[in-house]
Each structure stands twice: as C-alpha cells, then as structure tokens.
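So this block is start-v5.txt, compact mmCIF, C-alpha atoms:
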# COMPACT_ATOMS: atom_id res chain seq x y z
CA MET V 844 22.15 50.28 -3.70
CA THR V 845 20.45 46.98 -4.49
CA PRO V 846 18.50 45.60 -1.52
CA GLY V 847 19.64 42.31 -0.01
CA PRO V 848 18.20 38.95 -1.13
CA ARG V 849 15.88 38.61 1.86
CA THR V 850 14.50 42.10 1.30
CA LEU V 851 13.96 41.43 -2.41
CA VAL V 852 12.06 38.22 -1.62
CA ALA V 853 10.04 39.92 1.14
CA LEU V 854 8.99 42.59 -1.36
CA GLU V 855 7.81 39.93 -3.79
CA PHE V 856 5.92 38.11 -1.04
CA GLY V 857 4.21 41.38 -0.12
CA ARG V 858 3.26 41.96 -3.75
CA ALA V 859 1.79 38.45 -3.95
CA LEU V 860 -0.32 39.04 -0.84
CA GLY V 861 -1.52 42.36 -2.20
CA ALA V 862 -2.44 40.77 -5.52
CA ALA V 863 -4.42 38.07 -3.71
CA LEU V 864 -6.35 40.67 -1.72
CA LEU V 865 -7.12 42.70 -4.85
CA ALA V 866 -8.11 39.67 -6.93
CA PRO V 867 -11.88 39.87 -6.22
CA LEU V 868 -11.99 43.53 -7.28
CA ARG V 869 -10.01 42.77 -10.41
CA VAL V 870 -12.35 39.92 -11.31
CA LEU V 871 -15.36 42.24 -10.95
CA ALA V 872 -13.71 44.89 -13.09
CA TYR V 873 -12.86 42.25 -15.66
CA VAL V 874 -16.43 40.93 -15.86
CA VAL V 875 -17.59 44.44 -16.75
CA ARG V 876 -14.95 44.77 -19.47
CA ALA V 877 -15.08 41.18 -20.72
CA PRO V 878 -17.25 41.74 -23.84
CA ARG V 879 -14.91 44.46 -25.09
CA LEU V 880 -11.84 42.36 -24.33
CA ARG V 881 -13.28 39.37 -26.21
CA THR V 882 -13.99 41.54 -29.24
CA ALA V 883 -10.44 42.89 -29.19
CA PHE V 884 -9.01 39.38 -28.94
CA ARG V 885 -10.98 38.26 -31.98
CA ARG V 886 -9.20 41.00 -33.91
CA ASP V 887 -5.87 39.66 -32.63
CA LEU V 888 -6.78 36.21 -33.95
CA GLU V 889 -7.19 37.69 -37.41
CA GLN V 890 -3.69 39.19 -37.44
CA ALA V 891 -1.27 37.53 -39.86
CA ALA V 892 1.85 37.46 -37.69
CA VAL V 893 5.21 36.41 -39.09
CA VAL V 894 8.27 35.47 -37.08
CA ASP V 895 10.66 38.29 -36.22
CA GLU V 896 14.11 37.35 -37.45
CA PRO V 897 16.71 38.83 -35.09
CA GLY V 898 19.33 39.77 -37.68
CA ASP V 899 23.09 39.62 -37.18
CA LEU V 900 24.61 40.67 -33.89
CA PRO V 901 26.48 44.01 -34.10
CA ALA V 902 30.16 44.04 -35.03
CA ASP V 903 31.10 45.32 -31.56
CA TRP V 904 29.10 42.61 -29.80
CA LYS V 905 30.87 40.54 -27.17
CA PRO V 906 29.43 37.30 -25.77
CA PRO V 907 28.15 37.65 -22.20
CA ARG V 908 30.43 36.34 -19.47
CA ARG V 909 27.49 34.92 -17.52
CA ILE V 910 23.92 34.03 -18.46
CA PHE V 911 21.25 32.98 -15.96
CA VAL V 912 18.69 30.49 -17.38
CA SER V 913 15.62 29.46 -15.41
CA CYS V 914 12.89 26.84 -15.89
CA ALA V 915 10.40 25.37 -13.44
CA GLU V 916 8.75 22.33 -15.07
CA ARG V 917 9.82 19.40 -17.23
CA SER V 918 8.32 20.76 -20.45
CA GLY V 919 10.00 24.10 -19.86
CA GLU V 920 13.28 22.36 -19.06
CA THR V 921 13.24 20.71 -22.49
CA HIS V 922 13.05 24.13 -24.12
CA ALA V 923 15.62 25.56 -21.68
CA VAL V 924 18.16 22.87 -22.62
CA HIS V 925 17.69 23.63 -26.32
CA LEU V 926 17.96 27.33 -25.54
CA VAL V 927 21.30 26.83 -23.77
CA GLU V 928 22.54 24.89 -26.81
CA ALA V 929 21.47 27.73 -29.12
CA LEU V 930 23.08 30.37 -26.89
CA ARG V 931 26.34 28.40 -26.79
CA ALA V 932 26.34 28.08 -30.57
CA LEU V 933 25.95 31.85 -30.93
CA CYS V 934 28.51 32.67 -28.22
CA GLY V 935 31.12 30.31 -29.70
CA ASP V 936 34.23 29.49 -27.69
CA SER V 937 33.89 32.53 -25.45
CA GLY V 938 33.67 30.57 -22.22
CA THR V 939 30.25 31.98 -21.30
CA GLU V 940 29.22 30.61 -17.92
CA PHE V 941 25.65 29.39 -17.48
CA THR V 942 23.94 29.38 -14.11
CA GLY V 943 20.30 29.12 -13.24
CA LEU V 944 17.33 27.21 -11.87
CA GLY V 945 16.43 23.81 -13.28
CA GLY V 946 16.68 20.08 -13.00
CA GLU V 947 18.89 17.21 -13.97
CA ARG V 948 18.69 17.77 -17.71
CA LEU V 949 19.72 21.41 -17.39
CA ARG V 950 22.69 20.39 -15.23
CA ALA V 951 23.62 17.75 -17.82
CA ALA V 952 23.68 20.59 -20.37
CA GLY V 953 26.43 22.28 -18.36
CA VAL V 954 24.37 24.72 -16.31
CA ARG V 955 25.33 25.24 -12.67
CA THR V 956 22.00 25.36 -10.85
CA VAL V 957 21.34 27.11 -7.56
CA GLY V 958 17.94 25.46 -7.11
CA ASP V 959 15.72 22.77 -8.64
CA PRO V 960 12.04 23.70 -9.06
CA VAL V 961 11.62 21.02 -11.75
CA GLU V 962 11.84 18.11 -9.34
CA ARG V 963 9.54 19.89 -6.90
CA ALA V 964 6.94 20.50 -9.64
CA ALA V 965 7.07 16.82 -10.61
CA MET V 966 6.33 15.81 -7.01
CA GLY V 967 3.26 18.03 -6.83
CA ALA V 968 2.16 19.93 -3.73
CA ASP V 969 -0.51 22.39 -2.70
CA VAL V 970 0.38 26.08 -2.74
CA LEU V 971 0.73 26.54 1.02
CA ALA V 972 2.85 23.42 1.50
CA ALA V 973 5.18 24.48 -1.32
CA LEU V 974 5.48 28.13 -0.22
CA PRO V 975 8.60 27.77 2.01
CA PHE V 976 10.40 25.94 -0.80
CA TYR V 977 9.67 28.63 -3.39
CA LEU V 978 10.54 31.49 -1.05
CA GLY V 979 13.88 29.77 -0.43
CA LEU V 980 14.30 29.28 -4.15
CA LEU V 981 13.74 32.99 -4.80
CA ARG V 982 16.21 33.87 -2.02
CA ASP V 983 18.93 31.61 -3.46
CA ALA V 984 18.38 32.96 -6.96
CA ALA V 985 18.38 36.54 -5.66
CA THR V 986 21.69 35.90 -3.89
CA GLU V 987 23.25 34.64 -7.12
CA LEU V 988 21.82 37.51 -9.21
CA ARG V 989 22.99 40.14 -6.71
CA GLU V 990 26.44 38.79 -5.86
CA ARG V 991 27.39 37.52 -9.34
CA PRO V 992 25.13 39.50 -11.70
CA PRO V 993 24.94 37.98 -15.19
CA GLU V 994 24.63 40.04 -18.36
CA LEU V 995 21.36 38.28 -19.21
CA PHE V 996 18.52 36.59 -17.36
CA ILE V 997 16.32 34.41 -19.59
CA ALA V 998 13.35 32.53 -18.17
CA VAL V 999 11.34 29.80 -19.84
CA ASP V 1000 7.57 29.55 -19.25
CA SER V 1001 6.16 29.37 -15.65
CA PRO V 1002 5.17 33.02 -15.06
CA ALA V 1003 4.14 32.34 -11.44
CA LEU V 1004 7.83 31.91 -10.63
CA HIS V 1005 9.42 34.06 -13.30
CA VAL V 1006 7.47 37.29 -12.91
CA PRO V 1007 8.71 37.82 -9.32
CA LEU V 1008 12.13 36.48 -10.27
CA GLY V 1009 12.23 38.84 -13.26
CA ARG V 1010 11.55 41.78 -10.94
CA ILE V 1011 14.36 40.60 -8.67
CA ALA V 1012 16.74 40.34 -11.64
CA GLY V 1013 15.71 43.81 -12.79
CA ALA V 1014 16.41 45.21 -9.31
CA CYS V 1015 19.91 43.74 -9.65
CA GLY V 1016 20.40 45.54 -12.96
CA VAL V 1017 20.08 42.42 -15.13
CA PRO V 1018 18.10 42.57 -18.42
CA VAL V 1019 15.22 40.06 -18.46
CA ALA V 1020 13.93 38.02 -21.41
CA HIS V 1021 11.04 35.58 -21.15
CA PHE V 1022 10.55 32.77 -23.66
CA ALA V 1023 7.02 31.41 -24.18
CA THR V 1024 4.78 34.28 -23.16
CA PRO V 1025 2.04 33.41 -20.64
CA GLN V 1026 -1.54 32.91 -21.75
CA TYR V 1027 -2.85 36.06 -20.10
CA TRP V 1028 -4.91 36.61 -23.24
CA ALA V 1029 -7.04 33.60 -22.24
CA TRP V 1030 -8.02 34.65 -18.73
CA ALA V 1031 -7.14 37.18 -15.99
CA PRO V 1032 -5.59 39.65 -18.46
CA TRP V 1033 -4.91 42.17 -15.68
CA ARG V 1034 -1.80 40.11 -14.84
CA VAL V 1035 -0.08 41.59 -17.89
CA GLN V 1036 0.55 44.80 -15.95
CA ALA V 1037 2.95 43.06 -13.56
CA TYR V 1038 4.45 41.13 -16.46
CA ARG V 1039 5.19 44.32 -18.38
CA ARG V 1040 7.14 45.71 -15.42
CA ALA V 1041 9.07 42.46 -14.84
CA VAL V 1042 10.17 41.61 -18.40
CA ASP V 1043 12.32 43.65 -20.79
CA LEU V 1044 11.69 41.36 -23.77
CA ALA V 1045 8.81 38.93 -24.24
CA LEU V 1046 9.33 36.18 -26.82
CA THR V 1047 5.95 35.06 -28.16
CA ILE V 1048 5.22 31.59 -29.52
CA LEU V 1049 1.73 31.85 -31.08
CA PRO V 1050 0.97 34.12 -34.06
CA PHE V 1051 -1.81 36.12 -32.39
CA GLU V 1052 0.26 36.87 -29.27
CA PRO V 1053 2.49 39.70 -30.59
CA SER V 1054 -0.54 41.87 -31.32
CA TRP V 1055 -2.08 41.20 -27.91
CA PHE V 1056 1.08 41.82 -25.87
CA ARG V 1057 2.13 44.92 -27.80
CA ARG V 1058 -1.37 46.31 -27.41
CA HIS V 1059 -0.84 45.96 -23.65
CA GLY V 1060 2.48 47.79 -23.69
CA VAL V 1061 4.80 44.77 -23.56
CA ASN V 1062 8.00 44.80 -25.63
CA ALA V 1063 7.33 41.61 -27.59
CA VAL V 1064 8.89 39.89 -30.60
CA HIS V 1065 7.56 36.76 -32.26
CA ALA V 1066 10.03 33.87 -32.06
CA GLY V 1067 7.65 31.06 -33.07
CA HIS V 1068 6.77 27.85 -31.25
CA PRO V 1069 9.70 25.86 -29.76
CA HIS V 1070 7.74 22.61 -29.95
CA LEU V 1071 8.22 22.69 -33.72
CA ASP V 1072 11.98 22.47 -33.22
CA ALA V 1073 11.53 19.07 -31.59
CA LEU V 1074 8.91 17.95 -34.09
CA GLU V 1075 11.06 18.68 -37.12
CA HIS V 1076 13.49 15.99 -35.90
CA SER V 1077 10.71 13.40 -35.67
CA ASP V 1078 9.69 11.34 -38.66
CA THR V 1079 7.57 13.00 -41.30
CA VAL V 1080 3.84 12.53 -41.42
CA ASP V 1081 2.92 9.03 -42.59
CA THR V 1082 1.01 9.18 -45.86
CA ALA V 1083 -0.01 5.51 -45.70
CA PRO V 1084 -3.63 4.90 -44.65
CA PRO V 1085 -3.95 4.41 -40.89
CA ARG V 1086 -5.42 1.32 -39.34
CA PRO V 1087 -9.19 1.33 -39.81
CA LEU V 1088 -10.40 2.29 -36.33
CA ARG V 1089 -7.64 3.16 -33.88
CA LEU V 1090 -8.43 5.77 -31.24
CA VAL V 1091 -5.69 7.25 -29.03
CA LEU V 1092 -6.36 8.68 -25.58
CA LEU V 1093 -4.15 11.61 -24.54
CA PRO V 1094 -4.83 12.49 -20.89
CA GLY V 1095 -2.11 15.13 -20.33
CA SER V 1096 1.36 15.32 -18.85
CA ARG V 1097 0.66 16.37 -15.26
CA ARG V 1098 -0.42 13.75 -12.77
CA SER V 1099 -3.28 15.90 -11.46
CA VAL V 1100 -4.63 16.41 -14.98
CA ILE V 1101 -4.31 12.69 -15.75
CA ARG V 1102 -6.18 11.76 -12.55
CA ARG V 1103 -9.00 14.16 -13.39
CA ASN V 1104 -9.39 13.29 -17.08
CA LEU V 1105 -8.23 9.75 -17.82
CA PRO V 1106 -10.97 7.83 -15.93
CA TRP V 1107 -13.62 9.82 -17.82
CA MET V 1108 -11.85 9.24 -21.14
CA ILE V 1109 -11.81 5.49 -20.51
CA VAL V 1110 -15.56 5.56 -19.86
CA ALA V 1111 -16.09 7.48 -23.13
CA ALA V 1112 -13.95 5.02 -25.09
CA GLY V 1113 -15.84 2.10 -23.55
CA ARG V 1114 -19.17 3.66 -24.52
CA LEU V 1115 -17.91 4.15 -28.06
CA ARG V 1116 -16.89 0.49 -28.33
CA LEU V 1117 -20.51 -0.51 -27.75
CA VAL V 1118 -21.41 0.90 -31.19
CA LEU V 1119 -17.99 0.31 -32.78
CA PRO V 1120 -16.89 -3.09 -31.45
CA GLU V 1121 -13.93 -3.18 -33.84
CA LEU V 1122 -12.50 0.00 -32.29
CA GLU V 1123 -8.87 -0.34 -31.14
CA VAL V 1124 -7.96 1.93 -28.20
CA VAL V 1125 -4.37 2.91 -27.41
CA LEU V 1126 -3.09 5.01 -24.50
CA PRO V 1127 0.28 6.47 -25.55
CA HIS V 1128 2.54 8.77 -23.56
CA GLU V 1129 5.93 10.29 -24.27
CA ASP V 1130 6.96 10.03 -20.59
CA THR V 1131 7.92 6.43 -19.77
CA GLY V 1132 7.98 7.37 -16.09
CA LEU V 1133 4.18 7.65 -16.08
CA GLU V 1134 3.52 4.12 -17.34
CA ALA V 1135 2.75 2.70 -13.89
CA GLU V 1136 0.21 5.43 -13.16
CA LEU V 1137 -1.47 5.01 -16.54
CA ARG V 1138 -1.66 1.26 -16.03
CA ALA V 1139 -3.20 1.70 -12.59
CA HIS V 1140 -6.01 3.85 -14.05
CA VAL V 1141 -6.67 1.31 -16.81
CA GLU V 1142 -6.78 -1.60 -14.35
CA ARG V 1143 -9.08 0.26 -11.94
CA ALA V 1144 -11.47 0.80 -14.86
CA GLY V 1145 -11.30 -2.90 -15.77
CA ALA V 1146 -10.11 -1.95 -19.25
CA GLU V 1147 -6.78 -3.81 -19.36
CA ASN V 1148 -8.16 -6.25 -21.94
CA TRP V 1149 -9.00 -3.58 -24.52
CA ILE V 1150 -6.70 -0.59 -23.88
CA ARG V 1151 -3.04 -0.93 -24.90
CA ILE V 1152 -0.49 1.34 -23.22
CA GLU V 1153 2.48 2.56 -25.27
CA THR V 1154 5.10 4.87 -23.77
CA GLY V 1155 8.20 6.44 -25.23
CA ARG V 1156 7.62 7.21 -28.92
CA LEU V 1157 4.40 9.16 -29.12
CA HIS V 1158 4.51 9.95 -32.81
CA ASP V 1159 4.92 6.31 -33.81
CA THR V 1160 1.54 5.69 -32.21
CA LEU V 1161 -0.10 8.83 -33.59
CA ARG V 1162 0.89 7.94 -37.15
CA GLY V 1163 -1.09 4.71 -36.96
CA ALA V 1164 -4.18 6.30 -35.41
CA ARG V 1165 -7.40 7.44 -37.02
CA ALA V 1166 -8.53 9.89 -34.31
CA ALA V 1167 -7.72 11.11 -30.81
CA LEU V 1168 -9.54 12.01 -27.62
CA SER V 1169 -7.24 14.52 -25.96
CA VAL V 1170 -7.03 17.05 -23.18
CA SER V 1171 -6.04 20.57 -24.14
CA GLY V 1172 -2.32 21.31 -24.04
CA THR V 1173 0.89 21.23 -26.05
CA VAL V 1174 0.04 17.71 -27.22
CA LEU V 1175 -2.48 19.29 -29.59
CA LEU V 1176 0.48 20.53 -31.63
CA ASP V 1177 1.62 16.91 -31.94
CA LEU V 1178 -1.82 16.09 -33.32
CA LEU V 1179 -1.62 19.08 -35.64
CA TRP V 1180 1.79 17.89 -36.89
CA GLN V 1181 0.26 14.53 -37.79
CA ARG V 1182 -2.93 16.16 -39.15
CA LEU V 1183 -4.88 13.84 -36.86
CA PRO V 1184 -8.60 14.56 -36.26
CA ALA V 1185 -9.45 14.86 -32.58
CA VAL V 1186 -12.00 15.79 -29.95
CA VAL V 1187 -10.67 17.91 -27.07
CA ILE V 1188 -11.92 17.84 -23.49
CA TYR V 1189 -10.92 19.44 -20.24
CA ARG V 1190 -12.59 18.14 -17.10
CA LEU V 1191 -12.74 20.60 -14.21
CA GLU V 1192 -12.77 19.86 -10.51
CA SER V 1193 -16.19 21.31 -9.70
CA ALA V 1194 -19.41 22.73 -11.09
CA PHE V 1195 -18.36 26.11 -9.67
CA ALA V 1196 -15.15 25.99 -11.75
CA GLN V 1197 -17.25 25.18 -14.80
CA ARG V 1198 -19.55 28.16 -14.25
CA ALA V 1199 -16.62 30.46 -13.53
CA THR V 1200 -14.83 29.36 -16.70
CA ARG V 1201 -17.71 30.63 -18.84
CA HIS V 1202 -17.24 34.11 -17.40
CA VAL V 1203 -13.47 34.44 -17.10
CA LEU V 1204 -12.28 33.18 -20.48
CA THR V 1205 -11.63 35.88 -23.06
CA VAL V 1206 -11.11 33.38 -25.88
CA PRO V 1207 -13.73 31.77 -28.12
CA TRP V 1208 -12.02 28.36 -27.83
CA PHE V 1209 -9.59 26.95 -25.28
CA SER V 1210 -7.61 24.65 -27.58
CA SER V 1211 -4.62 26.07 -29.42
CA VAL V 1212 -5.44 24.43 -32.76
CA ASN V 1213 -8.86 26.08 -32.89
CA LEU V 1214 -7.32 29.44 -32.05
CA LEU V 1215 -4.74 29.00 -34.80
CA ALA V 1216 -7.40 28.08 -37.36
CA ASP V 1217 -9.81 30.73 -36.02
CA CYS V 1218 -12.63 28.17 -36.11
CA GLU V 1219 -13.62 25.00 -34.28
CA VAL V 1220 -11.53 22.38 -36.04
CA TYR V 1221 -11.47 20.14 -32.97
CA PRO V 1222 -14.82 19.88 -31.15
CA GLU V 1223 -14.08 20.90 -27.58
CA PHE V 1224 -15.86 20.32 -24.29
CA THR V 1225 -15.09 21.69 -20.85
CA PHE V 1226 -17.18 20.31 -17.99
CA ALA V 1227 -17.32 18.97 -14.46
CA GLY V 1228 -18.76 15.73 -13.21
CA GLU V 1229 -20.29 13.22 -15.61
CA GLY V 1230 -20.08 15.60 -18.55
CA PRO V 1231 -21.44 15.42 -22.10
CA LEU V 1232 -20.64 11.76 -22.68
CA GLU V 1233 -23.05 11.23 -25.57
CA GLU V 1234 -21.99 14.41 -27.37
CA VAL V 1235 -18.31 13.52 -27.12
CA CYS V 1236 -18.94 9.99 -28.38
CA ALA V 1237 -20.98 11.34 -31.29
CA ALA V 1238 -18.21 13.76 -32.23
CA LEU V 1239 -15.63 10.97 -32.07
CA ARG V 1240 -17.75 8.66 -34.16
CA SER V 1241 -18.06 11.37 -36.83
CA ILE V 1242 -14.31 11.87 -37.22
CA LEU V 1243 -13.70 8.13 -37.11
CA GLU V 1244 -16.24 7.18 -39.80
CA ASP V 1245 -17.37 10.21 -41.82
CA GLN V 1246 -14.93 10.77 -44.71
CA VAL V 1247 -16.36 14.21 -45.54
CA ALA V 1248 -15.96 15.36 -41.94
CA ARG V 1249 -12.41 13.99 -41.83
CA ARG V 1250 -11.41 15.81 -45.02
CA LEU V 1251 -12.83 19.10 -43.72
CA VAL V 1252 -10.89 18.70 -40.48
CA LYS V 1253 -7.64 17.98 -42.30
CA ASP V 1254 -8.07 20.98 -44.61
CA ARG V 1255 -8.52 23.23 -41.59
CA LEU V 1256 -5.54 21.63 -39.86
CA ASP V 1257 -3.44 22.63 -42.87
CA VAL V 1258 -4.56 26.24 -42.31
CA ALA V 1259 -3.65 26.07 -38.61
CA ALA V 1260 -0.22 24.56 -39.37
CA ARG V 1261 0.62 27.27 -41.89
CA ARG V 1262 -0.39 29.95 -39.41
CA LEU V 1263 1.76 28.43 -36.66
CA GLY V 1264 4.79 29.22 -38.81
CA PRO V 1265 8.23 27.68 -39.29
CA SER V 1266 10.58 25.94 -36.89
CA GLY V 1267 13.71 27.64 -35.55
CA ALA V 1268 12.03 29.39 -32.61
CA THR V 1269 14.76 28.47 -30.12
CA ARG V 1270 17.54 29.88 -32.31
CA ARG V 1271 15.57 33.10 -32.85
CA ALA V 1272 14.80 33.42 -29.13
CA ALA V 1273 18.47 33.00 -28.21
CA ALA V 1274 19.58 35.63 -30.74
CA HIS V 1275 16.90 38.12 -29.63
CA ALA V 1276 17.97 37.63 -26.01
CA LEU V 1277 21.62 38.29 -26.88
CA HIS V 1278 20.60 41.44 -28.74
CA LEU V 1279 18.84 42.54 -25.54
CA ALA V 1280 21.96 41.88 -23.47
CA HIS V 1281 24.08 43.86 -25.95
CA ARG V 1282 21.73 46.87 -25.89
CA SER V 1283 21.69 46.79 -22.11
CA SER V 1284 25.48 46.68 -21.82
CA ALA V 1285 25.82 49.50 -24.36
CA ARG V 1286 23.58 51.73 -22.20
CA SER V 1287 25.43 51.00 -18.96

Spit out the file's structure as structure tokens when you get a sec.
Amino acid sequence: MTPGPRTLVALEFGRALGAALLAPLRVLAYVVRAPRLRTAFRRDLEQAAVVDEPGDLPADWKPPRRIFVSCAERSGETHAVHLVEALRALCGDSGTEFTGLGGERLRAAGVRTVGDPVERAAMGADVLAALPFYLGLLRDAATELRERPPELFIAVDSPALHVPLGRIAGACGVPVAHFATPQYWAWAPWRVQAYRRAVDLALTILPFEPSWFRRHGVNAVHAGHPHLDALEHSDTVDTAPPRPLRLVLLPGSRRSVIRRNLPWMIVAAGRLRLVLPELEVVLPHEDTGLEAELRAHVERAGAENWIRIETGRLHDTLRGARAALSVSGTVLLDLLWQRLPAVVIYRLESAFAQRATRHVLTVPWFSSVNLLADCEVYPEFTFAGEGPLEEVCAALRSILEDQVARRLVKDRLDVAARRLGPSGATRRAAAHALHLAHRSSARS
C-alpha cells in the first residue's frame, strides 16, 4: 500500500537531512577521485552524440488520461508550456487532463496546478525561510499523485525539487520522465545516484550528456536543447556588418546573480571606455519586469549617461552588437545563435567559494559554448571580489578590434553550433515521455 502524503514527504525530508550530514564525507571522497572523473569527462566531451528520434507510437497506444507536469522556475516554465503543447498535439482530441506544479503561464496553457513554485522562486528566499513552503508543496503534489495517479509524471529542470518529487511519484506507481538533465557532470557528481533512483527516463539536452548519464547507470535519451525551439522562431542571424563598437552586458536572469555581477560589469565597461571612447554600451534583457532593477544598478554606478537599457527583444539588440560581456548561463546559447564573440564571467560571493570552485568542478570550462566546442572559444573568468579587471578588458578589446581573433572565434562558434544539434527537442521529449507511459501501462 502506498504511504500517505505526509509520510512520503517526511521520508524525503529525512533523506535530505541524511544527505546534508553525509555531504562532507562525499566531498572528501570526490576530491580523491576528481582527477579520474575529469579525465572521464574529457572523453565524454569528445563523443559525437546525435539526437535520439523517438519513432512512431505503437499501434495499440492510447493517450494517457492524466499527465502531471511540473516546473519550478520561469525558464523551466517556458519549456513546460511548450512541452504541454507538444503533448497535446501528440495526444490529439483524447481529452487528456493536465495537472501539475507551475505558474501563471502553465495555467494559461490549460494545466490545473496544485501549487506554484514559480512565483516563489521569483520572489527569492533563503533555504530555511522557504522550507515550510516547499514541504507543503511536496505534500500537495503527493496528495494529487496518490489520490488521482496520472499515467505520466514529467518534470522540467530544477532537480532540487524534482528528485524528491520523482521518488514520491514512483512510490505512487507513476512513471517519471525528467526533461533537461541536471549538470551533475559539472560538480558534485555523487548526486546522480539519487537521480538514477528517482527518474525512469532522463531527457538530455547537451551532446556530451548521454554518455555521462548512461555511464552512471541512468536511462537517458538525447532530446536536444529546448532553447533552440524558441530561437528558430526568432529572426535569422543578421549578415549586415554590426555597428562599429557596440558592447552588450548580459548580467543574468536571476536577481541575485544580477546583483552580484552587474555592478562589476559596469566597472569593466567603464574602464574599457577609457581606451575606446567611441564604445557604445547597451544593457539588454528579455524580461521587461527587470527593467527597474537594471536601471537602479546603472544609476547607482553613475552610468546612466553612457549605458542604454533595452528590454523585451533581446535578439534585436544582439544582432547590432560587436561583442558581449556575459555571465554564464542559457544566454550563451543566444550569443552562439548570433555567432557573437563574448567574454564570460561569473562572480562568486566569497574568496572561499572561489577556492572551492577550483577543487569541485569536474569540467575544464564552466560555459556551455566552450564545452560544446571542446576549447576556450569564449575567454572565461570566475572570481570573487575585485577580480581580473585588466585581463577581462584586454580580452574584450581583442574581440572588439582584432579581426583575426574575431574570425577564429566565429569559426569555433560554428563548430559549437553544429555540435549542439537541431531544433525539435520539445517534440522529441514529449514523444519519448509518451513511449515511457505506454511501456509502463503495458507492464501493469
């Protein structure tokens, strides 16, 4: 008999406490194994992965009556909405009911939600303050999964929420698919053990991930990157020459990341203008809701006279730019799409975090474009405090002015783009998930 919702959540809370207590021992064990893990990951980077096409659904396949879809942040909600659209297209007029966890956009897509972690994530809160909310969220989801079990649970991103929720769904007899596999290959790879037990099907998005996850015993198929599905609807790359010296600053999508990185980026851009007085600096952002915060940072830095803020249509701005100074994140794929040279930074909160990063990362680079190209296309810097201001400015000046350097970067960006693969990831992910549901129902 399936335990009650409160018991299921209590079990997950106990597991989380146990994992926290064991974390120091796992870190020590990892440090010993790190050189071997880094060597193995370099072999994964060399793998030529292709997307796994799901094939036609079997002739005896019937659309699920209920599907549970879950997302926890705004970026994940974008992919979840597209996933629901793809699932509906495959299920046809079957009347499949969608329930789940998500925000306003997921509800607008016709999903009945039993909780909203998206709005909570946007507000921001420390772990302890947010704990009661997330325990309640797990309890409400567990109640839904136990009392009205769907034929499929599909989660999007956010493993901190979806690994325990996947275990809860599994305890209720529901097959679990996870879209956008977590970056365990970058740091703390021991977490893959819990992931393997929580997820029946992992849908990878980067070409080196299938090899890594399969090597760790995870049932993984390569769907491709969902961000390409959105990019293919944007305008094509502009072949006209960009304005002579326009630099864009891309400080991230989360408020905490913006607060940590944008002030430093403004200082770097100001330093660069001392040697390139004709430099035009633009601060674009796709999220119009962040304009007031961006403007406050610019005004505090006294840079309102030389930094222009543009929100809404990111790619319009990128097409007219010559280079970018960006934090690491999904936005690097936007730069890759435009074949825009860039320097990548990630400013950490403390010198301790900087020292720890050197030891815990299993990857040779932290930016996705460099991993895709298997070389440092974008110079990258991770630091705390004042940071390598002169080195960053020198790297930016090179890609702004040196035509040979710019051509080399663009050639390598072409390699990275080809390796990323084709669009259509959301459709493939939906079909793979429905195949999983069919196999599960056939066994029961």

Excluding segment 934-948 of chain V and residues on its chain fewer than 5 positions from it, collect all residues at most 6 Å away from it, counting only C-alpha atoms, and give them as a list in words.
->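 Skipping anything fewer than 5 positions along the chain leaves Pro906, Arg908, Arg909, Ile910, Phe911, Val912, Ser913, Cys914, Val954, Arg955, Thr956, Val957, Gly958, Asp959 and Val961 of chain V.
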
What would the file look like if the residues just selected were written as a short mmCIF file (atom, residue, chain, number, x, y, z; two decimals), in the frame of the given file with C-alpha atoms?
data_model
loop_
_atom_site.label_atom_id
_atom_site.label_comp_id
_atom_site.auth_asym_id
_atom_site.auth_seq_id
_atom_site.Cartn_x
_atom_site.Cartn_y
_atom_site.Cartn_z
CA PRO V 906 29.43 37.30 -25.77
CA ARG V 908 30.43 36.34 -19.47
CA ARG V 909 27.49 34.92 -17.52
CA ILE V 910 23.92 34.03 -18.46
CA PHE V 911 21.25 32.98 -15.96
CA VAL V 912 18.69 30.49 -17.38
CA SER V 913 15.62 29.46 -15.41
CA CYS V 914 12.89 26.84 -15.89
CA VAL V 954 24.37 24.72 -16.31
CA ARG V 955 25.33 25.24 -12.67
CA THR V 956 22.00 25.36 -10.85
CA VAL V 957 21.34 27.11 -7.56
CA GLY V 958 17.94 25.46 -7.11
CA ASP V 959 15.72 22.77 -8.64
CA VAL V 961 11.62 21.02 -11.75
#

Distance of atom CA of Phe1051 of chain V from atom CA of Pro897 of chain V, expressed in Å to one decimal place =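 Atom CA of Pro897 of chain V sits 18.9 Å away from atom CA of Phe1051 of chain V.
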
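Among V:Arg1010, V:Arg1156, V:Arg1040, V:Arg950, the residue with the shortest atom-to-atom distance to Glu1129 of chain V, counting all atoms listed in the file, is V:Arg1156.
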
Enter the distance from atom CA of Val1258 of chain V to atom CA of Asp1217 of chain V, in Å, rounded to one decimal.
-> 9.3 Å

Using all atoms of segment 1141-1156 of chain V listed in the file and a margin of 4 Å per side, can you give the axis-aligned box centre and edge lengths in Å to one decimal, as JSON?
{"center_x": -1.6, "center_y": 0.5, "center_z": -20.4, "size_x": 27.7, "size_y": 21.5, "size_z": 25.0}

Measuring atom to atom with only C-alpha atoms, identify which of V:Ala1041, V:Ala915, V:Val1019, V:Ala1166 is nearest to Pro1007 of chain V.
->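 Between V:Ala1041, V:Ala915, V:Val1019, V:Ala1166, the residue approaching Pro1007 of chain V most closely is V:Ala1041.
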
Atom CA of Thr1200 of chain V to atom CA of Ala866 of chain V, straight-line distance in Å =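 Calculated distance between atom CA of Ala866 of chain V and atom CA of Thr1200 of chain V is 15.7 Å.
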
Pick the closest to Trp1028 of chain V from V:Ala1227, V:Val1091, V:Val1206, V:Val1100: which is it, counting all atoms listed in the file?
->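 Result for the nearest residue to Trp1028 of chain V: V:Val1206.
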
Contacts of Leu980 of chain V at 10 Å or less, counting all atoms listed in the file, minus same-chain residues fewer than 4 places along, as a list in words?
->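 Contacts, with the query itself left out: Val852, Leu944, Val957, Gly958, Asp959, Pro960, Leu974, Pro975, Phe976, Ala984, Ala985, Thr986, Leu1004 and Leu1008 of chain V.
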
Contacts of segment 1246-1250 of chain V within 10 Å, all atoms listed in the file, excl. fewer than 6 positions in-chain, as a list in words =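 Near neighbours after the sequence-gap exclusion: Arg1165, Ala1166, Leu1183, Pro1184, Ala1185 and Leu1256 of chain V.
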